[in-house]
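Dumped protein.tsv below, it's TSV, N, CA and C atoms:
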```
chain	number	residue	atom	x	y	z
F	1	TYR	N	6.97	4.66	-15.80
F	1	TYR	CA	7.39	4.39	-14.45
F	1	TYR	C	7.14	2.93	-14.13
F	2	SER	N	8.19	2.21	-13.81
F	2	SER	CA	8.08	0.80	-13.47
F	2	SER	C	9.03	0.49	-12.33
F	3	PRO	N	8.74	-0.54	-11.52
F	3	PRO	CA	9.62	-0.92	-10.43
F	3	PRO	C	11.00	-1.32	-10.94
F	4	VAL	N	12.02	-1.02	-10.14
F	4	VAL	CA	13.40	-1.38	-10.46
F	4	VAL	C	13.98	-2.05	-9.23
F	5	CYS	N	14.72	-3.16	-9.39
F	5	CYS	CA	15.33	-3.87	-8.28
F	5	CYS	C	16.51	-3.07	-7.74
F	6	LEU	N	16.53	-2.79	-6.43
F	6	LEU	CA	17.60	-2.01	-5.82
F	6	LEU	C	18.40	-2.81	-4.79
F	7	GLY	N	18.15	-4.09	-4.64
F	7	GLY	CA	18.84	-4.88	-3.62
F	7	GLY	C	18.13	-4.75	-2.29
F	8	SER	N	18.84	-4.98	-1.20
F	8	SER	CA	18.19	-4.97	0.13
F	8	SER	C	18.28	-3.59	0.77
F	9	LEU	N	17.27	-3.26	1.57
F	9	LEU	CA	17.20	-2.00	2.28
F	9	LEU	C	16.82	-2.26	3.72
F	10	ARG	N	17.13	-1.33	4.60
F	10	ARG	CA	16.71	-1.45	5.99
F	10	ARG	C	15.30	-0.91	6.15
F	11	ARG	N	14.60	-1.40	7.15
F	11	ARG	CA	13.23	-0.97	7.43
F	11	ARG	C	13.23	0.48	7.92
F	12	ALA	N	12.34	1.29	7.38
F	12	ALA	CA	12.22	2.69	7.79
F	12	ALA	C	10.79	2.97	8.21
F	13	ALA	N	10.62	3.85	9.16
F	13	ALA	CA	9.28	4.23	9.60
F	13	ALA	C	8.82	5.42	8.77
F	14	SER	N	7.52	5.52	8.54
F	14	SER	CA	6.98	6.67	7.83
F	14	SER	C	5.69	7.12	8.47
F	15	ILE	N	5.44	8.40	8.39
F	15	ILE	CA	4.21	8.99	8.93
F	15	ILE	C	3.49	9.65	7.77
F	16	ASN	N	2.19	9.54	7.77
F	16	ASN	CA	1.40	10.07	6.67
F	16	ASN	C	0.42	11.11	7.18
F	17	ALA	N	0.44	12.30	6.57
F	17	ALA	CA	-0.45	13.38	7.01
F	17	ALA	C	-1.85	13.28	6.42
F	18	GLU	N	-2.05	12.51	5.36
F	18	GLU	CA	-3.34	12.47	4.68
F	18	GLU	C	-4.25	11.33	5.16
F	19	TYR	N	-3.69	10.17	5.36
F	19	TYR	CA	-4.48	9.03	5.81
F	19	TYR	C	-3.56	8.06	6.52
F	20	SER	N	-4.10	7.13	7.21
F	20	SER	CA	-3.29	6.24	8.03
F	20	SER	C	-3.72	4.79	7.87
F	21	GLY	N	-2.76	3.89	7.99
F	21	GLY	CA	-3.04	2.46	8.01
F	21	GLY	C	-2.83	1.97	9.43
F	22	GLY	N	-3.75	1.22	9.93
F	22	GLY	CA	-3.68	0.78	11.32
F	22	GLY	C	-3.12	-0.61	11.47
F	23	PRO	N	-3.08	-1.11	12.68
F	23	PRO	CA	-2.58	-2.45	12.95
F	23	PRO	C	-3.36	-3.49	12.15
F	24	ARG	N	-2.73	-4.61	11.92
F	24	ARG	CA	-3.37	-5.68	11.16
F	24	ARG	C	-4.05	-6.64	12.13
F	25	TRP	N	-5.36	-6.58	12.21
F	25	TRP	CA	-6.12	-7.47	13.07
F	25	TRP	C	-6.36	-8.78	12.33
F	26	ARG	N	-5.69	-9.84	12.80
F	26	ARG	CA	-5.83	-11.15	12.18
F	26	ARG	C	-5.51	-11.14	10.69
F	27	GLY	N	-4.59	-10.28	10.26
F	27	GLY	CA	-4.17	-10.25	8.88
F	27	GLY	C	-4.99	-9.36	7.96
F	28	TYR	N	-5.99	-8.67	8.49
F	28	TYR	CA	-6.79	-7.76	7.67
F	28	TYR	C	-6.35	-6.33	7.94
F	29	VAL	N	-6.50	-5.46	6.95
F	29	VAL	CA	-6.09	-4.07	7.10
F	29	VAL	C	-7.30	-3.18	7.24
F	30	ARG	N	-7.20	-2.26	8.17
F	30	ARG	CA	-8.21	-1.23	8.33
F	30	ARG	C	-7.52	0.12	8.17
F	31	THR	N	-8.17	1.03	7.46
F	31	THR	CA	-7.60	2.37	7.30
F	31	THR	C	-8.65	3.41	7.64
F	32	TRP	N	-8.19	4.62	7.85
F	32	TRP	CA	-9.08	5.73	8.07
F	32	TRP	C	-8.53	6.92	7.30
F	33	GLY	N	-9.38	7.90	7.06
F	33	GLY	CA	-9.03	8.98	6.14
F	33	GLY	C	-9.62	8.64	4.78
F	34	LEU	N	-8.89	8.91	3.71
F	34	LEU	CA	-9.34	8.60	2.36
F	34	LEU	C	-8.84	7.22	1.96
F	35	GLY	N	-9.34	6.69	0.85
F	35	GLY	CA	-8.78	5.45	0.32
F	35	GLY	C	-9.70	4.25	0.29
F	36	HIS	N	-11.00	4.47	0.33
F	36	HIS	CA	-11.94	3.36	0.27
F	36	HIS	C	-12.79	3.39	-1.00
F	37	GLY	N	-12.24	3.98	-2.05
F	37	GLY	CA	-12.96	4.02	-3.32
F	37	GLY	C	-13.99	5.13	-3.41
F	38	ASP	N	-14.03	5.98	-2.40
F	38	ASP	CA	-14.96	7.10	-2.40
F	38	ASP	C	-14.21	8.36	-2.00
F	39	LYS	N	-14.90	9.46	-1.88
F	39	LYS	CA	-14.25	10.70	-1.48
F	39	LYS	C	-14.64	11.07	-0.05
F	40	ILE	N	-15.05	10.08	0.71
F	40	ILE	CA	-15.44	10.30	2.10
F	40	ILE	C	-14.21	10.18	2.98
F	41	CYS	N	-14.05	11.11	3.90
F	41	CYS	CA	-12.94	11.06	4.86
F	41	CYS	C	-13.44	10.31	6.09
F	42	HIS	N	-13.03	9.05	6.23
F	42	HIS	CA	-13.48	8.20	7.33
F	42	HIS	C	-12.70	8.53	8.60
F	43	SER	N	-13.40	8.83	9.68
F	43	SER	CA	-12.73	9.22	10.93
F	43	SER	C	-12.50	8.04	11.87
F	44	THR	N	-13.01	6.87	11.52
F	44	THR	CA	-12.78	5.67	12.32
F	44	THR	C	-12.28	4.56	11.39
F	45	PRO	N	-11.52	3.59	11.92
F	45	PRO	CA	-10.98	2.52	11.09
F	45	PRO	C	-12.08	1.76	10.33
F	46	LYS	N	-11.80	1.49	9.06
F	46	LYS	CA	-12.72	0.76	8.19
F	46	LYS	C	-11.94	-0.34	7.47
F	47	LEU	N	-12.52	-1.54	7.40
F	47	LEU	CA	-11.88	-2.66	6.73
F	47	LEU	C	-11.67	-2.36	5.26
F	48	VAL	N	-10.45	-2.60	4.76
F	48	VAL	CA	-10.17	-2.44	3.33
F	48	VAL	C	-10.69	-3.70	2.64
F	49	GLU	N	-11.57	-3.51	1.68
F	49	GLU	CA	-12.22	-4.64	1.02
F	49	GLU	C	-11.67	-4.85	-0.38
F	50	GLY	N	-12.45	-5.43	-1.27
F	50	GLY	CA	-12.00	-5.69	-2.63
F	50	GLY	C	-11.06	-6.88	-2.68
F	51	GLU	N	-10.01	-6.78	-3.47
F	51	GLU	CA	-9.07	-7.89	-3.64
F	51	GLU	C	-8.36	-8.28	-2.35
F	52	LEU	N	-8.27	-7.37	-1.40
F	52	LEU	CA	-7.59	-7.67	-0.13
F	52	LEU	C	-8.47	-8.44	0.86
F	53	ALA	N	-9.74	-8.55	0.59
F	53	ALA	CA	-10.69	-9.15	1.53
F	53	ALA	C	-10.32	-10.58	1.90
F	54	ASP	N	-9.78	-11.35	0.97
F	54	ASP	CA	-9.44	-12.75	1.24
F	54	ASP	C	-7.95	-13.00	1.41
F	55	LYS	N	-7.17	-11.93	1.59
F	55	LYS	CA	-5.72	-12.04	1.72
F	55	LYS	C	-5.29	-11.81	3.16
F	56	LYS	N	-4.20	-12.46	3.55
F	56	LYS	CA	-3.62	-12.21	4.87
F	56	LYS	C	-2.47	-11.22	4.69
F	57	VAL	N	-2.58	-10.08	5.32
F	57	VAL	CA	-1.59	-9.01	5.19
F	57	VAL	C	-0.47	-9.19	6.20
F	58	ILE	N	0.78	-9.03	5.72
F	58	ILE	CA	1.94	-9.17	6.61
F	58	ILE	C	2.73	-7.87	6.77
F	59	ASP	N	2.50	-6.88	5.90
F	59	ASP	CA	3.22	-5.61	6.03
F	59	ASP	C	2.42	-4.49	5.37
F	60	VAL	N	2.50	-3.30	5.96
F	60	VAL	CA	1.83	-2.12	5.42
F	60	VAL	C	2.79	-0.95	5.55
F	61	ALA	N	2.83	-0.08	4.54
F	61	ALA	CA	3.63	1.13	4.60
F	61	ALA	C	2.81	2.30	4.07
F	62	CYS	N	2.86	3.42	4.77
F	62	CYS	CA	2.13	4.63	4.34
F	62	CYS	C	3.12	5.69	3.91
F	63	GLY	N	2.94	6.17	2.68
F	63	GLY	CA	3.73	7.30	2.19
F	63	GLY	C	2.96	8.58	2.42
F	64	ASP	N	3.36	9.64	1.74
F	64	ASP	CA	2.70	10.93	1.92
F	64	ASP	C	1.25	10.89	1.46
F	65	ARG	N	1.00	10.22	0.32
F	65	ARG	CA	-0.36	10.14	-0.21
F	65	ARG	C	-0.64	8.78	-0.83
F	66	HIS	N	0.03	7.75	-0.32
F	66	HIS	CA	-0.19	6.41	-0.85
F	66	HIS	C	0.11	5.36	0.22
F	67	THR	N	-0.43	4.17	0.00
F	67	THR	CA	-0.23	3.05	0.92
F	67	THR	C	0.15	1.82	0.12
F	68	LEU	N	1.06	1.02	0.68
F	68	LEU	CA	1.46	-0.27	0.11
F	68	LEU	C	1.07	-1.36	1.09
F	69	VAL	N	0.63	-2.51	0.57
F	69	VAL	CA	0.21	-3.63	1.41
F	69	VAL	C	0.83	-4.91	0.84
F	70	VAL	N	1.56	-5.66	1.69
F	70	VAL	CA	2.15	-6.93	1.29
F	70	VAL	C	1.38	-8.06	1.95
F	71	CYS	N	1.07	-9.10	1.16
F	71	CYS	CA	0.32	-10.25	1.66
F	71	CYS	C	1.24	-11.46	1.83
F	72	ASP	N	0.78	-12.45	2.60
F	72	ASP	CA	1.62	-13.61	2.91
F	72	ASP	C	1.94	-14.47	1.69
F	73	ASP	N	1.25	-14.28	0.57
F	73	ASP	CA	1.57	-15.02	-0.65
F	73	ASP	C	2.61	-14.29	-1.50
F	74	GLY	N	3.16	-13.17	-0.98
F	74	GLY	CA	4.18	-12.42	-1.68
F	74	GLY	C	3.65	-11.35	-2.61
F	75	SER	N	2.33	-11.23	-2.71
F	75	SER	CA	1.75	-10.19	-3.56
F	75	SER	C	1.81	-8.84	-2.86
F	76	ILE	N	1.80	-7.78	-3.66
F	76	ILE	CA	1.82	-6.42	-3.11
F	76	ILE	C	0.77	-5.58	-3.83
F	77	PHE	N	0.07	-4.77	-3.06
F	77	PHE	CA	-0.97	-3.89	-3.57
F	77	PHE	C	-0.58	-2.45	-3.25
F	78	ALA	N	-0.98	-1.54	-4.13
F	78	ALA	CA	-0.74	-0.12	-3.93
F	78	ALA	C	-2.06	0.63	-4.09
F	79	MET	N	-2.21	1.73	-3.36
F	79	MET	CA	-3.39	2.57	-3.48
F	79	MET	C	-3.04	3.99	-3.07
F	80	GLY	N	-3.78	4.94	-3.63
F	80	GLY	CA	-3.56	6.34	-3.31
F	80	GLY	C	-3.20	7.14	-4.55
F	81	GLU	N	-2.50	8.24	-4.35
F	81	GLU	CA	-2.08	9.12	-5.45
F	81	GLU	C	-0.88	8.51	-6.17
F	82	GLY	N	-0.86	8.62	-7.50
F	82	GLY	CA	0.18	7.99	-8.30
F	82	GLY	C	1.24	8.92	-8.85
F	83	GLU	N	1.23	10.19	-8.45
F	83	GLU	CA	2.22	11.14	-8.95
F	83	GLU	C	3.63	10.56	-8.88
F	84	HIS	N	4.45	10.90	-9.84
F	84	HIS	CA	5.85	10.49	-9.91
F	84	HIS	C	6.02	8.98	-10.02
F	85	GLY	N	4.95	8.24	-10.32
F	85	GLY	CA	5.05	6.79	-10.46
F	85	GLY	C	5.15	6.04	-9.16
F	86	ARG	N	4.85	6.67	-8.02
F	86	ARG	CA	5.06	6.06	-6.71
F	86	ARG	C	4.24	4.80	-6.45
F	87	LEU	N	3.15	4.55	-7.21
F	87	LEU	CA	2.35	3.35	-7.00
F	87	LEU	C	2.95	2.12	-7.68
F	88	GLY	N	3.77	2.32	-8.70
F	88	GLY	CA	4.41	1.19	-9.37
F	88	GLY	C	3.53	0.46	-10.37
F	89	HIS	N	2.43	1.06	-10.80
F	89	HIS	CA	1.54	0.39	-11.75
F	89	HIS	C	1.83	0.75	-13.20
F	90	GLY	N	2.92	1.48	-13.44
F	90	GLY	CA	3.31	1.80	-14.80
F	90	GLY	C	2.84	3.16	-15.29
F	91	GLY	N	2.19	3.92	-14.43
F	91	GLY	CA	1.69	5.24	-14.81
F	91	GLY	C	1.74	6.19	-13.64
F	92	THR	N	1.00	7.29	-13.76
F	92	THR	CA	0.97	8.28	-12.68
F	92	THR	C	-0.44	8.54	-12.16
F	93	GLY	N	-1.40	7.73	-12.59
F	93	GLY	CA	-2.78	7.89	-12.14
F	93	GLY	C	-3.00	7.38	-10.72
F	94	ALA	N	-4.03	7.87	-10.10
F	94	ALA	CA	-4.39	7.45	-8.74
F	94	ALA	C	-5.16	6.14	-8.76
F	95	CYS	N	-5.11	5.42	-7.65
F	95	CYS	CA	-5.90	4.19	-7.45
F	95	CYS	C	-6.69	4.37	-6.16
F	96	LYS	N	-8.01	4.43	-6.27
F	96	LYS	CA	-8.85	4.63	-5.09
F	96	LYS	C	-9.07	3.36	-4.30
F	97	THR	N	-8.76	2.22	-4.90
F	97	THR	CA	-8.86	0.92	-4.22
F	97	THR	C	-7.54	0.18	-4.44
F	98	PRO	N	-7.24	-0.84	-3.65
F	98	PRO	CA	-5.97	-1.56	-3.79
F	98	PRO	C	-5.76	-2.11	-5.21
F	99	TYR	N	-4.57	-1.88	-5.75
F	99	TYR	CA	-4.21	-2.32	-7.10
F	99	TYR	C	-3.08	-3.33	-7.00
F	100	LEU	N	-3.29	-4.53	-7.53
F	100	LEU	CA	-2.27	-5.58	-7.50
F	100	LEU	C	-1.13	-5.22	-8.45
F	101	LEU	N	0.09	-5.21	-7.94
F	101	LEU	CA	1.27	-4.94	-8.77
F	101	LEU	C	1.78	-6.26	-9.32
F	102	ASP	N	1.29	-6.64	-10.49
F	102	ASP	CA	1.62	-7.94	-11.06
F	102	ASP	C	3.08	-8.07	-11.48
F	103	TYR	N	3.82	-6.98	-11.50
F	103	TYR	CA	5.26	-7.02	-11.76
F	103	TYR	C	5.95	-8.00	-10.81
F	104	PHE	N	5.42	-8.10	-9.59
F	104	PHE	CA	6.05	-8.92	-8.55
F	104	PHE	C	5.52	-10.35	-8.50
F	105	ASN	N	4.71	-10.78	-9.47
F	105	ASN	CA	4.18	-12.14	-9.46
F	105	ASN	C	5.27	-13.20	-9.39
F	106	GLU	N	6.38	-12.98	-10.08
F	106	GLU	CA	7.48	-13.95	-10.09
F	106	GLU	C	8.58	-13.58	-9.11
F	107	ASN	N	8.41	-12.49	-8.39
F	107	ASN	CA	9.38	-12.03	-7.39
F	107	ASN	C	8.62	-11.67	-6.11
F	108	PRO	N	8.26	-12.66	-5.29
F	108	PRO	CA	7.46	-12.39	-4.10
F	108	PRO	C	8.08	-11.33	-3.19
F	109	VAL	N	7.25	-10.50	-2.63
F	109	VAL	CA	7.66	-9.41	-1.76
F	109	VAL	C	7.48	-9.83	-0.30
F	110	LEU	N	8.44	-9.44	0.55
F	110	LEU	CA	8.35	-9.72	1.98
F	110	LEU	C	8.06	-8.46	2.80
F	111	ARG	N	8.62	-7.33	2.36
F	111	ARG	CA	8.45	-6.07	3.08
F	111	ARG	C	8.24	-4.95	2.08
F	112	CYS	N	7.66	-3.86	2.55
F	112	CYS	CA	7.48	-2.68	1.71
F	112	CYS	C	7.84	-1.43	2.50
F	113	TYR	N	8.20	-0.40	1.78
F	113	TYR	CA	8.59	0.87	2.35
F	113	TYR	C	7.96	1.97	1.51
F	114	ALA	N	7.49	3.03	2.14
F	114	ALA	CA	6.89	4.13	1.40
F	114	ALA	C	7.40	5.44	1.97
F	115	ALA	N	7.65	6.39	1.09
F	115	ALA	CA	8.09	7.71	1.50
F	115	ALA	C	7.21	8.74	0.79
F	116	LYS	N	7.65	9.98	0.75
F	116	LYS	CA	6.81	11.04	0.19
F	116	LYS	C	6.42	10.76	-1.26
F	117	GLU	N	7.38	10.51	-2.13
F	117	GLU	CA	7.09	10.38	-3.54
F	117	GLU	C	7.65	9.10	-4.16
F	118	TYR	N	7.99	8.13	-3.37
F	118	TYR	CA	8.53	6.89	-3.92
F	118	TYR	C	8.22	5.72	-2.99
F	119	SER	N	8.46	4.52	-3.50
F	119	SER	CA	8.16	3.29	-2.77
F	119	SER	C	9.26	2.26	-3.02
F	120	PHE	N	9.40	1.33	-2.08
F	120	PHE	CA	10.36	0.23	-2.22
F	120	PHE	C	9.66	-1.06	-1.82
F	121	ALA	N	10.02	-2.16	-2.46
F	121	ALA	CA	9.48	-3.47	-2.09
F	121	ALA	C	10.58	-4.51	-2.21
```
Written as structure tokens, how would this file's structure read?
Amino acid sequence: YSPVCLGSLRRAASINAEYSGGPRWRGYVRTWGLGHGDKICHSTPKLVEGELADKKVIDVACGDRHTLVVCDDGSIFAMGEGEHGRLGHGGTGACKTPYLLDYFNENPVLRCYAAKEYSFA
């Protein structure tokens, strides 16, 4: 499973039943639910740390069980369940913390979209 270029798409809204990504306060992302590298279900917003700690976030998309994050330098990170290749890291394994999709290093991303079992950037 690897990303494939599909041309341009329109922005779509998505709702996630498992976890949520909140507004970007000064370019940082806070999430609640699962997704902080542990199995704790956080009931209040928590800053996403790790590789995203020093990045300015410009777009976030939540799928059914995964989240995509785009930074102002054009990089994109994925986290969550990897079934069906929806994370874009080349496999189907889960990522409990943000994973840099280096496929896009030479193709900067501006927006991201996430749905139940697939993603677009």
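Going from CA of Tyr118 (chain F) over to CA of His84 (chain F), you cover 7.5 Å.
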Strand (DSSP E or B) residues, from DSSP on the backbone, in region 18-100 of chain F, as a PDB file with N, CA and C atoms, keeping the file's coordinate frame:
```
ATOM      1  N   SER F  20      -4.100   7.130   7.210  1.00  0.00           N
ATOM      2  CA  SER F  20      -3.290   6.240   8.030  1.00  0.00           C
ATOM      3  C   SER F  20      -3.720   4.790   7.870  1.00  0.00           C
ATOM      4  N   GLY F  21      -2.760   3.890   7.990  1.00  0.00           N
ATOM      5  CA  GLY F  21      -3.040   2.460   8.010  1.00  0.00           C
ATOM      6  C   GLY F  21      -2.830   1.970   9.430  1.00  0.00           C
ATOM      7  N   TRP F  25      -5.360  -6.580  12.210  1.00  0.00           N
ATOM      8  CA  TRP F  25      -6.120  -7.470  13.070  1.00  0.00           C
ATOM      9  C   TRP F  25      -6.360  -8.780  12.330  1.00  0.00           C
ATOM     10  N   TYR F  28      -5.990  -8.670   8.490  1.00  0.00           N
ATOM     11  CA  TYR F  28      -6.790  -7.760   7.670  1.00  0.00           C
ATOM     12  C   TYR F  28      -6.350  -6.330   7.940  1.00  0.00           C
ATOM     13  N   ARG F  30      -7.200  -2.260   8.170  1.00  0.00           N
ATOM     14  CA  ARG F  30      -8.210  -1.230   8.330  1.00  0.00           C
ATOM     15  C   ARG F  30      -7.520   0.120   8.170  1.00  0.00           C
ATOM     16  N   THR F  31      -8.170   1.030   7.460  1.00  0.00           N
ATOM     17  CA  THR F  31      -7.600   2.370   7.300  1.00  0.00           C
ATOM     18  C   THR F  31      -8.650   3.410   7.640  1.00  0.00           C
ATOM     19  N   TRP F  32      -8.190   4.620   7.850  1.00  0.00           N
ATOM     20  CA  TRP F  32      -9.080   5.730   8.070  1.00  0.00           C
ATOM     21  C   TRP F  32      -8.530   6.920   7.300  1.00  0.00           C
ATOM     22  N   GLY F  33      -9.380   7.900   7.060  1.00  0.00           N
ATOM     23  CA  GLY F  33      -9.030   8.980   6.140  1.00  0.00           C
ATOM     24  C   GLY F  33      -9.620   8.640   4.780  1.00  0.00           C
ATOM     25  N   HIS F  42     -13.030   9.050   6.230  1.00  0.00           N
ATOM     26  CA  HIS F  42     -13.480   8.200   7.330  1.00  0.00           C
ATOM     27  C   HIS F  42     -12.700   8.530   8.600  1.00  0.00           C
ATOM     28  N   SER F  43     -13.400   8.830   9.680  1.00  0.00           N
ATOM     29  CA  SER F  43     -12.730   9.220  10.930  1.00  0.00           C
ATOM     30  C   SER F  43     -12.500   8.040  11.870  1.00  0.00           C
ATOM     31  N   THR F  44     -13.010   6.870  11.520  1.00  0.00           N
ATOM     32  CA  THR F  44     -12.780   5.670  12.320  1.00  0.00           C
ATOM     33  C   THR F  44     -12.280   4.560  11.390  1.00  0.00           C
ATOM     34  N   PRO F  45     -11.520   3.590  11.920  1.00  0.00           N
ATOM     35  CA  PRO F  45     -10.980   2.520  11.090  1.00  0.00           C
ATOM     36  C   PRO F  45     -12.080   1.760  10.330  1.00  0.00           C
ATOM     37  N   LYS F  46     -11.800   1.490   9.060  1.00  0.00           N
ATOM     38  CA  LYS F  46     -12.720   0.760   8.190  1.00  0.00           C
ATOM     39  C   LYS F  46     -11.940  -0.340   7.470  1.00  0.00           C
ATOM     40  N   LEU F  47     -12.520  -1.540   7.400  1.00  0.00           N
ATOM     41  CA  LEU F  47     -11.880  -2.660   6.730  1.00  0.00           C
ATOM     42  C   LEU F  47     -11.670  -2.360   5.260  1.00  0.00           C
ATOM     43  N   VAL F  57      -2.580 -10.080   5.320  1.00  0.00           N
ATOM     44  CA  VAL F  57      -1.590  -9.010   5.190  1.00  0.00           C
ATOM     45  C   VAL F  57      -0.470  -9.190   6.200  1.00  0.00           C
ATOM     46  N   ILE F  58       0.780  -9.030   5.720  1.00  0.00           N
ATOM     47  CA  ILE F  58       1.940  -9.170   6.610  1.00  0.00           C
ATOM     48  C   ILE F  58       2.730  -7.870   6.770  1.00  0.00           C
ATOM     49  N   ASP F  59       2.500  -6.880   5.900  1.00  0.00           N
ATOM     50  CA  ASP F  59       3.220  -5.610   6.030  1.00  0.00           C
ATOM     51  C   ASP F  59       2.420  -4.490   5.370  1.00  0.00           C
ATOM     52  N   VAL F  60       2.500  -3.300   5.960  1.00  0.00           N
ATOM     53  CA  VAL F  60       1.830  -2.120   5.420  1.00  0.00           C
ATOM     54  C   VAL F  60       2.790  -0.950   5.550  1.00  0.00           C
ATOM     55  N   ALA F  61       2.830  -0.080   4.540  1.00  0.00           N
ATOM     56  CA  ALA F  61       3.630   1.130   4.600  1.00  0.00           C
ATOM     57  C   ALA F  61       2.810   2.300   4.070  1.00  0.00           C
ATOM     58  N   CYS F  62       2.860   3.420   4.770  1.00  0.00           N
ATOM     59  CA  CYS F  62       2.130   4.630   4.340  1.00  0.00           C
ATOM     60  C   CYS F  62       3.120   5.690   3.910  1.00  0.00           C
ATOM     61  N   HIS F  66       0.030   7.750  -0.320  1.00  0.00           N
ATOM     62  CA  HIS F  66      -0.190   6.410  -0.850  1.00  0.00           C
ATOM     63  C   HIS F  66       0.110   5.360   0.220  1.00  0.00           C
ATOM     64  N   THR F  67      -0.430   4.170   0.000  1.00  0.00           N
ATOM     65  CA  THR F  67      -0.230   3.050   0.920  1.00  0.00           C
ATOM     66  C   THR F  67       0.150   1.820   0.120  1.00  0.00           C
ATOM     67  N   LEU F  68       1.060   1.020   0.680  1.00  0.00           N
ATOM     68  CA  LEU F  68       1.460  -0.270   0.110  1.00  0.00           C
ATOM     69  C   LEU F  68       1.070  -1.360   1.090  1.00  0.00           C
ATOM     70  N   VAL F  69       0.630  -2.510   0.570  1.00  0.00           N
ATOM     71  CA  VAL F  69       0.210  -3.630   1.410  1.00  0.00           C
ATOM     72  C   VAL F  69       0.830  -4.910   0.840  1.00  0.00           C
ATOM     73  N   VAL F  70       1.560  -5.660   1.690  1.00  0.00           N
ATOM     74  CA  VAL F  70       2.150  -6.930   1.290  1.00  0.00           C
ATOM     75  C   VAL F  70       1.380  -8.060   1.950  1.00  0.00           C
ATOM     76  N   CYS F  71       1.070  -9.100   1.160  1.00  0.00           N
ATOM     77  CA  CYS F  71       0.320 -10.250   1.660  1.00  0.00           C
ATOM     78  C   CYS F  71       1.240 -11.460   1.830  1.00  0.00           C
ATOM     79  N   ILE F  76       1.800  -7.780  -3.660  1.00  0.00           N
ATOM     80  CA  ILE F  76       1.820  -6.420  -3.110  1.00  0.00           C
ATOM     81  C   ILE F  76       0.770  -5.580  -3.830  1.00  0.00           C
ATOM     82  N   PHE F  77       0.070  -4.770  -3.060  1.00  0.00           N
ATOM     83  CA  PHE F  77      -0.970  -3.890  -3.570  1.00  0.00           C
ATOM     84  C   PHE F  77      -0.580  -2.450  -3.250  1.00  0.00           C
ATOM     85  N   ALA F  78      -0.980  -1.540  -4.130  1.00  0.00           N
ATOM     86  CA  ALA F  78      -0.740  -0.120  -3.930  1.00  0.00           C
ATOM     87  C   ALA F  78      -2.060   0.630  -4.090  1.00  0.00           C
ATOM     88  N   MET F  79      -2.210   1.730  -3.360  1.00  0.00           N
ATOM     89  CA  MET F  79      -3.390   2.570  -3.480  1.00  0.00           C
ATOM     90  C   MET F  79      -3.040   3.990  -3.070  1.00  0.00           C
ATOM     91  N   GLY F  80      -3.780   4.940  -3.630  1.00  0.00           N
ATOM     92  CA  GLY F  80      -3.560   6.340  -3.310  1.00  0.00           C
ATOM     93  C   GLY F  80      -3.200   7.140  -4.550  1.00  0.00           C
ATOM     94  N   CYS F  95      -5.110   5.420  -7.650  1.00  0.00           N
ATOM     95  CA  CYS F  95      -5.900   4.190  -7.450  1.00  0.00           C
ATOM     96  C   CYS F  95      -6.690   4.370  -6.160  1.00  0.00           C
ATOM     97  N   LYS F  96      -8.010   4.430  -6.270  1.00  0.00           N
ATOM     98  CA  LYS F  96      -8.850   4.630  -5.090  1.00  0.00           C
ATOM     99  C   LYS F  96      -9.070   3.360  -4.300  1.00  0.00           C
ATOM    100  N   THR F  97      -8.760   2.220  -4.900  1.00  0.00           N
ATOM    101  CA  THR F  97      -8.860   0.920  -4.220  1.00  0.00           C
ATOM    102  C   THR F  97      -7.540   0.180  -4.440  1.00  0.00           C
ATOM    103  N   PRO F  98      -7.240  -0.840  -3.650  1.00  0.00           N
ATOM    104  CA  PRO F  98      -5.970  -1.560  -3.790  1.00  0.00           C
ATOM    105  C   PRO F  98      -5.760  -2.110  -5.210  1.00  0.00           C
ATOM    106  N   TYR F  99      -4.570  -1.880  -5.750  1.00  0.00           N
ATOM    107  CA  TYR F  99      -4.210  -2.320  -7.100  1.00  0.00           C
ATOM    108  C   TYR F  99      -3.080  -3.330  -7.000  1.00  0.00           C
ATOM    109  N   LEU F 100      -3.290  -4.530  -7.530  1.00  0.00           N
ATOM    110  CA  LEU F 100      -2.270  -5.580  -7.500  1.00  0.00           C
ATOM    111  C   LEU F 100      -1.130  -5.220  -8.450  1.00  0.00           C
TER     112      LEU F 100
END
```
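Proximity ranking of F:Cys71, F:Val109, F:Met79, F:Leu52 relative to Thr97 (chain F) places F:Met79 first, based on all atoms listed in the file.
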Discussion item. Can you measure CA of Gly82 (chain F) to CA of Ala115 (chain F) for me? One decimal in Å is fine.
Written reply: 12.6 Å
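Of note, CA of Glu106 (chain F) and CA of Arg65 (chain F) are spaced 27.2 Å apart.
Nearest residue to Leu87 (chain F), choosing from F:Asp64, F:His42, F:Ser119, F:Pro108 and counting all atoms listed in the file: F:Ser119.
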Write out N, CA, C and O atoms for region 101-105 of chain F, as a short mmCIF file (atom, residue, chain, number, x, y, z; two decimals), in the frame of the given file.
```
data_model
loop_
_atom_site.label_atom_id
_atom_site.label_comp_id
_atom_site.auth_asym_id
_atom_site.auth_seq_id
_atom_site.Cartn_x
_atom_site.Cartn_y
_atom_site.Cartn_z
N LEU F 101 0.09 -5.21 -7.94
CA LEU F 101 1.27 -4.94 -8.77
C LEU F 101 1.78 -6.26 -9.32
O LEU F 101 2.59 -6.94 -8.69
N ASP F 102 1.29 -6.64 -10.49
CA ASP F 102 1.62 -7.94 -11.06
C ASP F 102 3.08 -8.07 -11.48
O ASP F 102 3.55 -9.16 -11.76
N TYR F 103 3.82 -6.98 -11.50
CA TYR F 103 5.26 -7.02 -11.76
C TYR F 103 5.95 -8.00 -10.81
O TYR F 103 6.93 -8.65 -11.16
N PHE F 104 5.42 -8.10 -9.59
CA PHE F 104 6.05 -8.92 -8.55
C PHE F 104 5.52 -10.35 -8.50
O PHE F 104 5.84 -11.09 -7.57
N ASN F 105 4.71 -10.78 -9.47
CA ASN F 105 4.18 -12.14 -9.46
C ASN F 105 5.27 -13.20 -9.39
O ASN F 105 5.11 -14.22 -8.74
#
```
